[in-house]
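Novice: Input structure: input26.csv, which contains CSV, C-alpha atoms.
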```csv
chain,number,residue,atom,x,y,z
N,170,MET,CA,-55.9,-77.4,102.5
N,171,GLY,CA,-54.5,-77.3,106.0
N,172,LYS,CA,-51.2,-78.5,104.6
N,173,PHE,CA,-50.4,-75.1,103.1
N,174,ASN,CA,-51.4,-72.8,105.8
N,175,LYS,CA,-48.7,-70.5,107.0
N,176,THR,CA,-49.5,-70.1,110.6
N,177,GLY,CA,-46.7,-69.5,112.9
N,178,LYS,CA,-43.4,-68.0,111.8
N,179,ARG,CA,-41.0,-70.5,110.6
N,180,GLY,CA,-37.5,-69.5,111.8
N,181,MET,CA,-34.6,-69.6,109.4
N,182,PRO,CA,-32.4,-72.5,110.4
N,183,GLU,CA,-29.0,-71.3,111.4
N,184,LEU,CA,-26.2,-71.9,108.9
N,185,ASN,CA,-23.7,-74.3,110.3
N,186,THR,CA,-20.3,-72.5,110.1
N,187,SER,CA,-18.3,-75.0,112.0
N,188,SER,CA,-16.5,-76.1,108.8
N,189,LEU,CA,-15.7,-72.6,107.7
N,190,PRO,CA,-12.2,-72.6,109.3
N,191,ASP,CA,-11.4,-75.8,107.6
N,192,LEU,CA,-12.3,-74.3,104.2
N,193,ILE,CA,-10.1,-71.3,104.9
N,194,PHE,CA,-7.3,-73.5,106.0
N,195,THR,CA,-7.5,-75.5,102.8
N,196,MET,CA,-7.2,-72.3,100.9
N,197,LEU,CA,-4.3,-71.3,103.0
N,198,PHE,CA,-2.4,-74.5,102.4
N,199,PHE,CA,-3.1,-74.2,98.7
N,200,PHE,CA,-1.5,-70.8,98.6
N,201,MET,CA,1.4,-71.8,100.8
N,202,ILE,CA,2.2,-74.6,98.3
N,203,VAL,CA,1.8,-72.8,95.0
N,204,THR,CA,3.5,-69.6,95.9
N,205,THR,CA,7.0,-68.8,96.9
N,206,MET,CA,8.3,-66.3,99.4
N,207,ARG,CA,9.3,-63.1,97.9
N,208,GLU,CA,12.9,-62.6,98.7
N,209,VAL,CA,13.6,-59.0,97.8
N,210,THR,CA,11.7,-55.9,97.6
N,211,LEU,CA,12.0,-54.7,94.0
N,212,LYS,CA,13.4,-51.3,93.4
N,213,VAL,CA,13.4,-51.5,89.7
N,214,GLN,CA,10.4,-52.1,87.4
N,215,PHE,CA,10.6,-54.5,84.6
N,216,ARG,CA,8.4,-56.4,82.2
N,217,VAL,CA,10.3,-59.5,81.1
N,218,PRO,CA,10.3,-60.2,77.4
N,219,GLN,CA,8.1,-62.8,75.7
N,220,ALA,CA,9.4,-66.0,74.2
N,221,THR,CA,8.1,-69.5,73.3
N,222,GLU,CA,10.9,-71.9,74.1
N,223,LEU,CA,10.9,-71.7,77.8
N,224,GLU,CA,12.3,-74.0,80.5
N,225,LYS,CA,11.2,-74.0,84.0
N,226,LEU,CA,13.7,-73.0,86.7
N,227,GLU,CA,14.2,-75.9,88.9
N,228,LYS,CA,15.4,-75.8,92.5
N,229,LYS,CA,15.0,-72.3,93.8
N,230,SER,CA,17.8,-72.7,96.2
N,231,LEU,CA,20.3,-72.9,93.4
N,232,VAL,CA,19.1,-69.7,91.7
N,233,SER,CA,20.4,-66.2,92.3
N,234,PHE,CA,18.6,-63.3,90.7
N,235,ILE,CA,19.8,-60.2,89.0
N,236,TYR,CA,17.3,-57.5,88.2
N,237,ILE,CA,17.8,-54.9,85.6
N,238,GLY,CA,15.3,-52.2,84.8
N,239,LYS,CA,14.2,-48.7,85.3
N,240,PRO,CA,14.2,-47.5,88.9
N,241,LEU,CA,10.8,-47.2,90.5
N,242,PRO,CA,9.3,-43.7,90.3
N,243,GLU,CA,10.2,-42.9,93.9
N,244,PHE,CA,13.9,-43.6,93.2
N,245,GLN,CA,14.1,-41.9,89.9
N,246,LYS,CA,15.0,-38.6,91.4
N,247,LYS,CA,18.1,-40.0,92.9
N,248,MET,CA,19.1,-42.6,90.4
N,249,GLY,CA,17.8,-41.2,87.1
N,250,ALA,CA,15.6,-43.0,84.6
N,251,GLU,CA,18.2,-45.1,83.0
N,252,SER,CA,18.2,-48.8,83.5
N,253,ARG,CA,19.9,-49.9,86.7
N,254,ILE,CA,21.0,-53.2,88.2
N,255,GLN,CA,19.6,-54.4,91.4
N,256,LEU,CA,21.3,-57.1,93.5
N,257,ASN,CA,19.6,-58.2,96.7
N,258,ASP,CA,17.9,-55.2,98.1
N,259,LYS,CA,19.9,-52.4,96.6
N,260,PHE,CA,21.1,-50.8,93.5
N,261,ALA,CA,24.5,-51.9,92.2
N,262,GLU,CA,27.1,-51.2,89.6
N,263,VAL,CA,28.4,-53.7,87.1
N,264,SER,CA,31.6,-54.0,89.1
N,265,GLU,CA,29.7,-55.4,92.1
N,266,VAL,CA,28.2,-58.3,90.2
N,267,GLN,CA,31.2,-60.5,90.6
N,268,ASP,CA,31.4,-60.0,94.3
N,269,TYR,CA,27.7,-60.7,94.5
N,270,ILE,CA,28.1,-64.0,92.7
N,271,TYR,CA,31.0,-65.1,94.9
N,272,GLN,CA,29.0,-64.3,97.9
N,273,GLU,CA,26.0,-66.2,96.7
N,274,ARG,CA,28.2,-69.1,95.9
N,275,GLU,CA,29.7,-69.1,99.4
N,276,ASN,CA,26.2,-69.4,100.8
N,277,MET,CA,25.5,-72.6,98.9
N,278,LYS,CA,26.4,-76.1,99.8
N,279,GLU,CA,29.6,-77.2,98.2
N,280,GLU,CA,28.1,-80.0,96.2
N,281,ASP,CA,25.5,-77.6,94.8
N,282,GLN,CA,27.9,-74.9,93.7
N,283,PRO,CA,28.5,-76.2,90.2
N,284,PHE,CA,24.8,-76.2,89.5
N,285,MET,CA,24.4,-72.5,90.4
N,286,THR,CA,22.1,-70.7,88.0
N,287,VAL,CA,21.8,-67.0,87.6
N,288,SER,CA,18.4,-65.8,86.5
N,289,MET,CA,18.4,-62.5,84.8
N,290,LYS,CA,15.2,-60.6,85.0
N,291,VAL,CA,15.6,-57.8,82.6
N,292,ASP,CA,13.2,-55.3,81.3
N,293,SER,CA,12.4,-55.9,77.6
N,294,GLU,CA,13.2,-52.3,76.7
N,295,THR,CA,16.7,-52.3,78.3
N,296,LYS,CA,19.5,-51.7,75.9
N,297,MET,CA,21.9,-54.6,75.4
N,298,GLY,CA,24.9,-52.7,76.6
N,299,ILE,CA,24.3,-53.1,80.3
N,300,VAL,CA,23.2,-56.7,79.8
N,301,GLN,CA,26.3,-57.4,78.0
N,302,ASP,CA,28.4,-55.9,80.7
N,303,VAL,CA,26.7,-58.1,83.3
N,304,LYS,CA,27.2,-61.1,81.2
N,305,GLN,CA,30.9,-60.5,80.9
N,306,ALA,CA,31.0,-60.1,84.7
N,307,LEU,CA,29.2,-63.4,85.1
N,308,ARG,CA,31.7,-65.0,82.8
N,309,GLN,CA,34.6,-63.7,84.9
N,310,ALA,CA,32.9,-65.0,88.0
N,311,TYR,CA,32.4,-68.4,86.4
N,312,ALA,CA,28.7,-68.3,86.8
N,313,LEU,CA,28.1,-69.8,83.4
N,314,ASN,CA,24.6,-71.2,83.8
N,315,ILE,CA,22.2,-68.3,83.1
N,316,ASN,CA,18.5,-68.1,82.5
N,317,TYR,CA,16.9,-65.2,80.7
N,318,SER,CA,13.6,-64.8,82.5
N,319,ALA,CA,10.7,-64.5,80.1
N,320,THR,CA,7.0,-65.1,79.9
N,321,GLN,CA,5.2,-67.4,77.5
N,322,ARG,CA,4.0,-65.9,74.3
N,323,GLN,CA,0.6,-67.0,73.2
C,159,MET,CA,-22.6,-87.0,147.7
C,160,ALA,CA,-23.7,-87.7,144.3
C,161,LYS,CA,-21.7,-85.5,142.1
C,162,LYS,CA,-23.5,-84.0,139.2
C,163,LYS,CA,-21.4,-84.2,136.1
C,164,ARG,CA,-20.4,-80.7,135.2
C,165,ALA,CA,-20.7,-80.0,131.5
C,166,VAL,CA,-17.6,-78.4,130.1
C,167,PRO,CA,-18.6,-75.3,128.2
C,168,GLY,CA,-17.7,-75.6,124.6
C,169,ILE,CA,-15.0,-73.3,123.4
C,170,ASN,CA,-16.4,-70.7,121.1
C,171,SER,CA,-14.7,-71.4,117.8
C,172,SER,CA,-16.5,-68.8,115.7
C,173,SER,CA,-13.3,-66.8,115.5
C,174,THR,CA,-11.1,-69.5,114.1
C,175,ALA,CA,-12.3,-68.6,110.7
C,176,ASP,CA,-11.1,-65.0,111.2
C,177,ILE,CA,-7.7,-66.2,112.4
C,178,ALA,CA,-7.4,-68.5,109.4
C,179,PHE,CA,-8.4,-65.6,107.1
C,180,MET,CA,-5.7,-63.4,108.6
C,181,LEU,CA,-3.1,-66.1,108.0
C,182,LEU,CA,-4.3,-66.5,104.5
C,183,ILE,CA,-4.1,-62.8,103.8
C,184,PHE,CA,-0.6,-62.7,105.3
C,185,PHE,CA,0.6,-65.4,102.9
C,186,LEU,CA,-1.2,-63.8,99.9
C,187,ILE,CA,0.8,-60.6,100.5
C,188,THR,CA,4.2,-62.0,101.3
C,189,THR,CA,4.4,-64.6,98.6
C,190,SER,CA,4.4,-64.3,94.9
C,191,MET,CA,2.8,-66.6,92.4
C,192,ASP,CA,5.2,-66.2,89.6
C,193,THR,CA,6.6,-69.4,88.2
C,194,ASP,CA,10.0,-68.7,87.0
C,195,ARG,CA,10.5,-69.6,83.4
C,196,GLY,CA,13.0,-68.5,80.9
C,197,LEU,CA,15.5,-69.3,78.3
C,198,ALA,CA,18.4,-71.4,79.7
C,199,ARG,CA,21.8,-70.6,78.3
C,200,ARG,CA,25.3,-71.4,79.0
C,201,LEU,CA,28.0,-68.8,78.8
C,202,PRO,CA,31.5,-69.7,77.5
C,203,PRO,CA,34.2,-69.6,80.2
C,204,PRO,CA,36.2,-66.4,80.3
C,205,PRO,CA,38.9,-66.1,77.7
C,206,GLU,CA,42.5,-66.8,78.8
C,207,GLN,CA,45.0,-64.0,78.8
C,208,ASN,CA,47.0,-65.2,75.8
C,209,GLN,CA,44.4,-67.3,74.1
C,210,LYS,CA,43.9,-66.6,70.4
C,211,ASP,CA,40.4,-66.0,69.1
C,212,ASP,CA,39.5,-69.4,67.8
C,213,ASN,CA,36.8,-68.0,65.6
C,214,ILE,CA,39.5,-67.2,63.1
C,215,LEU,CA,40.2,-70.9,62.7
C,216,LYS,CA,36.7,-71.7,61.7
C,217,LYS,CA,36.0,-72.1,58.1
C,218,GLU,CA,33.6,-69.6,56.7
C,219,ARG,CA,31.0,-72.2,55.7
C,220,ASN,CA,30.8,-73.4,59.3
C,221,VAL,CA,29.7,-70.1,60.7
C,222,LEU,CA,26.3,-68.5,60.5
C,223,GLN,CA,26.6,-64.8,61.4
C,224,VAL,CA,23.5,-63.3,63.0
C,225,ARG,CA,23.8,-59.7,63.7
C,226,LEU,CA,21.5,-57.2,65.4
C,227,ASN,CA,22.0,-53.5,65.1
C,228,LYS,CA,20.9,-50.7,67.3
C,229,ASP,CA,17.6,-50.3,65.5
C,230,ASP,CA,16.9,-54.0,66.0
C,231,GLN,CA,17.4,-54.9,62.4
C,232,LEU,CA,18.4,-58.4,61.8
C,233,MET,CA,21.0,-59.6,59.5
C,234,CYS,CA,21.7,-63.3,58.9
C,235,GLY,CA,24.6,-64.2,56.7
C,236,LYS,CA,24.9,-61.4,54.2
C,237,GLU,CA,21.2,-60.3,54.0
C,238,TYR,CA,18.6,-58.5,56.0
C,239,ILE,CA,15.9,-60.9,57.1
C,240,ASP,CA,12.8,-60.8,59.2
C,241,ILE,CA,12.7,-62.5,62.5
C,242,LYS,CA,10.2,-65.0,61.2
C,243,GLN,CA,12.6,-66.3,58.6
C,244,LEU,CA,15.4,-66.9,61.1
C,245,ARG,CA,14.1,-70.2,62.3
C,246,GLU,CA,14.0,-71.8,58.9
C,247,LYS,CA,17.4,-70.3,58.0
C,248,ALA,CA,18.9,-71.7,61.2
C,249,LYS,CA,17.4,-75.1,60.7
C,250,GLU,CA,18.7,-75.3,57.2
C,251,PHE,CA,22.1,-74.2,58.4
C,252,ILE,CA,22.3,-76.6,61.4
C,253,ALA,CA,21.0,-79.7,59.6
C,254,ASN,CA,22.4,-79.1,56.1
C,255,PRO,CA,20.1,-81.7,54.7
C,256,TYR,CA,21.3,-81.7,51.1
C,257,ASP,CA,25.0,-81.5,51.8
C,258,ASP,CA,25.3,-78.0,50.4
C,259,GLU,CA,28.7,-76.6,49.6
C,260,ASN,CA,28.1,-73.4,51.5
C,261,LEU,CA,26.6,-74.9,54.6
C,262,PRO,CA,28.6,-76.6,57.4
C,263,GLU,CA,30.6,-79.6,56.6
C,264,LYS,CA,29.5,-83.0,57.9
C,265,HIS,CA,31.7,-85.5,59.7
C,266,LYS,CA,31.1,-89.1,60.5
C,267,LYS,CA,30.4,-89.7,64.1
C,268,ASN,CA,29.5,-92.7,66.1
C,269,ILE,CA,26.6,-92.0,68.4
C,270,PRO,CA,25.2,-94.7,70.7
C,271,LEU,CA,21.7,-95.7,69.7
C,272,LEU,CA,21.9,-93.9,66.4
C,273,GLY,CA,25.0,-95.5,64.9
C,274,ASP,CA,27.2,-93.8,62.4
C,275,CYS,CA,25.8,-90.5,61.5
C,276,MET,CA,26.9,-87.6,59.4
C,277,VAL,CA,26.7,-84.6,61.7
C,278,THR,CA,27.5,-80.9,61.3
C,279,GLU,CA,29.7,-81.0,64.3
C,280,GLN,CA,31.8,-77.9,63.4
C,281,HIS,CA,28.9,-75.5,63.0
C,282,VAL,CA,28.6,-72.4,65.0
C,283,ILE,CA,26.0,-69.8,65.1
C,284,SER,CA,27.5,-66.5,66.1
C,285,VAL,CA,25.2,-63.9,67.5
C,286,GLN,CA,26.4,-60.4,67.5
C,287,ASN,CA,24.6,-57.5,68.9
C,288,ASP,CA,25.1,-53.8,69.3
C,289,VAL,CA,25.2,-51.9,72.6
C,290,GLY,CA,21.9,-50.2,71.6
C,291,THR,CA,20.0,-53.3,70.7
C,292,SER,CA,16.9,-53.8,72.7
C,293,TYR,CA,16.7,-56.7,75.0
C,294,GLN,CA,13.4,-57.9,73.5
C,295,ALA,CA,15.0,-58.2,70.1
C,296,TYR,CA,17.9,-60.1,71.5
C,297,ILE,CA,15.6,-62.5,73.3
C,298,ASN,CA,13.6,-63.0,70.1
C,299,VAL,CA,16.7,-64.0,68.2
C,300,GLN,CA,17.8,-66.4,71.0
C,301,ASN,CA,14.3,-67.8,71.1
C,302,GLU,CA,14.2,-68.5,67.4
C,303,LEU,CA,17.6,-70.2,67.5
C,304,VAL,CA,16.6,-72.4,70.4
C,305,ALA,CA,13.4,-73.1,68.6
C,306,ALA,CA,15.3,-74.2,65.6
C,307,TYR,CA,17.3,-76.7,67.6
C,308,ASN,CA,14.2,-77.9,69.4
C,309,GLU,CA,12.4,-78.5,66.2
C,310,LEU,CA,15.3,-80.4,64.6
C,311,ARG,CA,15.6,-82.5,67.7
C,312,ASP,CA,11.9,-83.3,67.7
C,313,GLU,CA,12.1,-84.3,64.0
C,314,LEU,CA,15.0,-86.5,64.7
C,315,GLY,CA,13.3,-88.1,67.7
C,316,LYS,CA,10.2,-88.8,65.6
C,317,ALA,CA,12.2,-90.3,62.8
C,318,LYS,CA,14.4,-92.5,64.9
C,319,PHE,CA,12.4,-93.3,68.0
C,320,GLY,CA,8.9,-92.4,67.0
C,321,LYS,CA,8.4,-89.8,69.6
C,322,ALA,CA,9.1,-86.2,70.3
C,323,TYR,CA,12.3,-85.2,72.0
C,324,ASN,CA,10.7,-84.5,75.3
C,325,GLU,CA,9.1,-87.9,75.5
C,326,CYS,CA,12.3,-89.8,74.7
C,327,SER,CA,14.2,-91.6,77.5
C,328,GLU,CA,17.3,-90.1,78.9
C,329,ASP,CA,19.7,-92.1,76.8
C,330,GLU,CA,17.8,-91.3,73.6
C,331,GLN,CA,17.7,-87.6,74.5
C,332,LYS,CA,21.4,-87.7,75.1
C,333,ALA,CA,22.0,-89.3,71.7
C,334,ILE,CA,19.8,-86.7,70.0
C,335,ARG,CA,21.6,-83.9,71.8
C,336,GLU,CA,24.8,-85.4,70.6
C,337,TYR,CA,23.5,-85.3,67.0
C,338,TYR,CA,22.4,-81.7,67.2
C,339,GLN,CA,24.7,-79.9,69.6
C,340,GLN,CA,23.7,-76.5,70.5
C,341,LYS,CA,26.4,-74.1,69.5
C,342,ILE,CA,25.4,-70.6,69.8
C,343,SER,CA,28.3,-68.3,70.4
C,344,GLU,CA,28.0,-64.8,71.6
C,345,ALA,CA,30.7,-62.5,70.5
C,346,GLU,CA,31.5,-59.3,72.3
C,347,PRO,CA,29.2,-56.5,71.3
C,348,LYS,CA,30.4,-54.1,68.7
C,349,LYS,CA,29.6,-50.5,68.4
C,350,TYR,CA,28.6,-50.2,64.8
C,351,GLY,CA,28.4,-46.4,65.1
C,352,GLY,CA,25.4,-44.6,66.4
C,353,LYS,CA,25.3,-42.9,69.7
C,354,LYS,CA,25.9,-44.9,72.8
```
Translate the structure described by the file into structure tokens.
Specialist:
Amino acid sequence: MGKFNKTGKRGMPELNTSSLPDLIFTMLFFFMIVTTMREVTLKVQFRVPQATELEKLEKKSLVSFIYIGKPLPEFQKKMGAESRIQLNDKFAEVSEVQDYIYQERENMKEEDQPFMTVSMKVDSETKMGIVQDVKQALRQAYALNINYSATQRQ
Amino acid sequence: MAKKKRAVPGINSSSTADIAFMLLIFFLITTSMDTDRGLARRLPPPPEQNQKDDNILKKERNVLQVRLNKDDQLMCGKEYIDIKQLREKAKEFIANPYDDENLPEKHKKNIPLLGDCMVTEQHVISVQNDVGTSYQAYINVQNELVAAYNELRDELGKAKFGKAYNECSEDEQKAIREYYQQKISEAEPKKYGGKK
């Protein structure tokens, strides 16, 4: 039975880690492809409503965002707990929406301008009053393609 | 002078994994995974200064009034309904399958690929909401209406081309869209009483 004797310590063979960086890089590339850069820091909190008939937003470069929701807790002291509008990185009033749209449109290529889409990310508990005001402002600014952001309902 | 070949010491690459990890974490933090999806809508252009309200010109049978009040109660036509009934109501209204007197009138229209059809071209679904309506309720209504159109389009696609609307070719889709045109008008909100 000499075959099974356990004389002499058998060292654990070292794990070859030379491919570890490659694995991590693959993960990195995966995340770089599926995710998008976050453009703004949110100052309002919102949970978008649920719906079933959704369409995907194509071409991120053509899309401008308008956020409406309650201010985050750290801003509530200053801004109150009512729903507010956020454009780019700051709170805004309804009257500023038009200028924002004009500005966004300026930044686009001329041939892309007719395809501009405005995505409204609105908290599901918001009252329609403020949404309606924003919609009227968008109409005045001729930003007619809009998209009500929503999540898929199961 | 026989030169001995000097071995190049291998670069220690054990830290590349750490570097890659740091990059990975950086991207995880700065990016967001959310795929943006939503209900696509088109707003009507702003009203001209001296333009008359063209809703008045519409016959009553061509208009489906959908109203939402501040308590998110839904009214369709002249009765209170549940959100689940809205889709069927809207489908019946848009298609008017039995040529009902009270539902929108049909006109003959020549559509490429489909030929002469009787379509309810004049129909309008008018959505009216209150200032106090919640956004979720509003989206529910919009969603049901879009769903009604999508179902009708699917049915038509299956009947004429043997496939759902999404699978049809571009021309076929255009023909179907022509048959069932989406006409959802959004009137200005009204304050039906209640606090603002």
Novice: Set the distance at 12 Å and use only C-alpha atoms: which residues neighbour Lys341 in chain C once local chain neighbours fewer than 4 positions away are removed? I'd like the list as a ChimeraX atom specification.
Specialist: /C:199-202,220-222,248,251-252,278-285,300,303-304,306-307,335-337
Novice: Restrict the selected residues to C-alpha atoms and save them as a short mmCIF file (atom, residue, chain, number, x, y, z; two decimals), in the frame of the given file.
Specialist:
```
data_model
loop_
_atom_site.label_atom_id
_atom_site.label_comp_id
_atom_site.auth_asym_id
_atom_site.auth_seq_id
_atom_site.Cartn_x
_atom_site.Cartn_y
_atom_site.Cartn_z
CA ARG C 199 21.80 -70.60 78.30
CA ARG C 200 25.30 -71.40 79.00
CA LEU C 201 28.00 -68.80 78.80
CA PRO C 202 31.50 -69.70 77.50
CA ASN C 220 30.80 -73.40 59.30
CA VAL C 221 29.70 -70.10 60.70
CA LEU C 222 26.30 -68.50 60.50
CA ALA C 248 18.90 -71.70 61.20
CA PHE C 251 22.10 -74.20 58.40
CA ILE C 252 22.30 -76.60 61.40
CA THR C 278 27.50 -80.90 61.30
CA GLU C 279 29.70 -81.00 64.30
CA GLN C 280 31.80 -77.90 63.40
CA HIS C 281 28.90 -75.50 63.00
CA VAL C 282 28.60 -72.40 65.00
CA ILE C 283 26.00 -69.80 65.10
CA SER C 284 27.50 -66.50 66.10
CA VAL C 285 25.20 -63.90 67.50
CA GLN C 300 17.80 -66.40 71.00
CA LEU C 303 17.60 -70.20 67.50
CA VAL C 304 16.60 -72.40 70.40
CA ALA C 306 15.30 -74.20 65.60
CA TYR C 307 17.30 -76.70 67.60
CA ARG C 335 21.60 -83.90 71.80
CA GLU C 336 24.80 -85.40 70.60
CA TYR C 337 23.50 -85.30 67.00
#
```
Novice: Hey, what's within 12 Å of Ile202 in chain N if we count only C-alpha atoms and toss same-chain stuff fewer than 6 positions away? As a list of chain:residue names, please?
Specialist: N:Thr195, N:Met196, C:Phe185, C:Leu186, C:Thr189, C:Ser190, C:Met191
Novice: Please identify every residue of chain N that has at least one atom no farther than 6 Å from an atom of chain C, counting only C-alpha atoms, and for each give the shortest atom pair and the distance in Å to one decimal, arranged by chain then increasing number, as CSV.
Specialist:
```
residue,atom,partner,partner_atom,distance
N:Pro190,CA,C:Ala175,CA,4.2
N:Ile193,CA,C:Ala178,CA,5.9
N:Leu197,CA,C:Leu182,CA,5.0
N:Thr204,CA,C:Met191,CA,4.7
N:Thr205,CA,C:Thr189,CA,5.2
N:Met206,CA,C:Thr189,CA,4.3
N:Arg207,CA,C:Thr189,CA,5.2
N:Pro218,CA,C:Gln294,CA,5.5
N:Leu223,CA,C:Gly196,CA,4.9
N:Glu224,CA,C:Gly196,CA,5.6
N:Lys225,CA,C:Arg195,CA,4.5
N:Leu226,CA,C:Asp194,CA,5.7
N:Ser293,CA,C:Gln294,CA,4.7
N:Glu294,CA,C:Ser292,CA,5.7
N:Thr295,CA,C:Tyr293,CA,5.5
N:Lys296,CA,C:Ser292,CA,4.6
N:Met297,CA,C:Val289,CA,5.1
N:Gly298,CA,C:Val289,CA,4.1
N:Arg308,CA,C:Pro204,CA,5.3
N:Gln309,CA,C:Pro204,CA,5.6
N:Leu313,CA,C:Leu201,CA,4.7
N:Asn314,CA,C:Arg200,CA,4.9
N:Ile315,CA,C:Arg199,CA,5.3
N:Asn316,CA,C:Ala198,CA,4.3
N:Tyr317,CA,C:Leu197,CA,5.0
N:Ser318,CA,C:Gly196,CA,4.1
N:Ala319,CA,C:Gly196,CA,4.7
```
Novice: Which one of C:Ser327, C:Pro255, C:Leu232, C:Asp240 sits closest to Gly315 in chain C if you count all atoms listed in the file?
Specialist: C:Ser327
Novice: Between CA of Arg245 in chain C and CA of Gln323 in chain N, what distance in Å does the model show, to one decimal?
Specialist: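 Going from CA of Arg245 in chain C over to CA of Gln323 in chain N, I get 17.6 Å.
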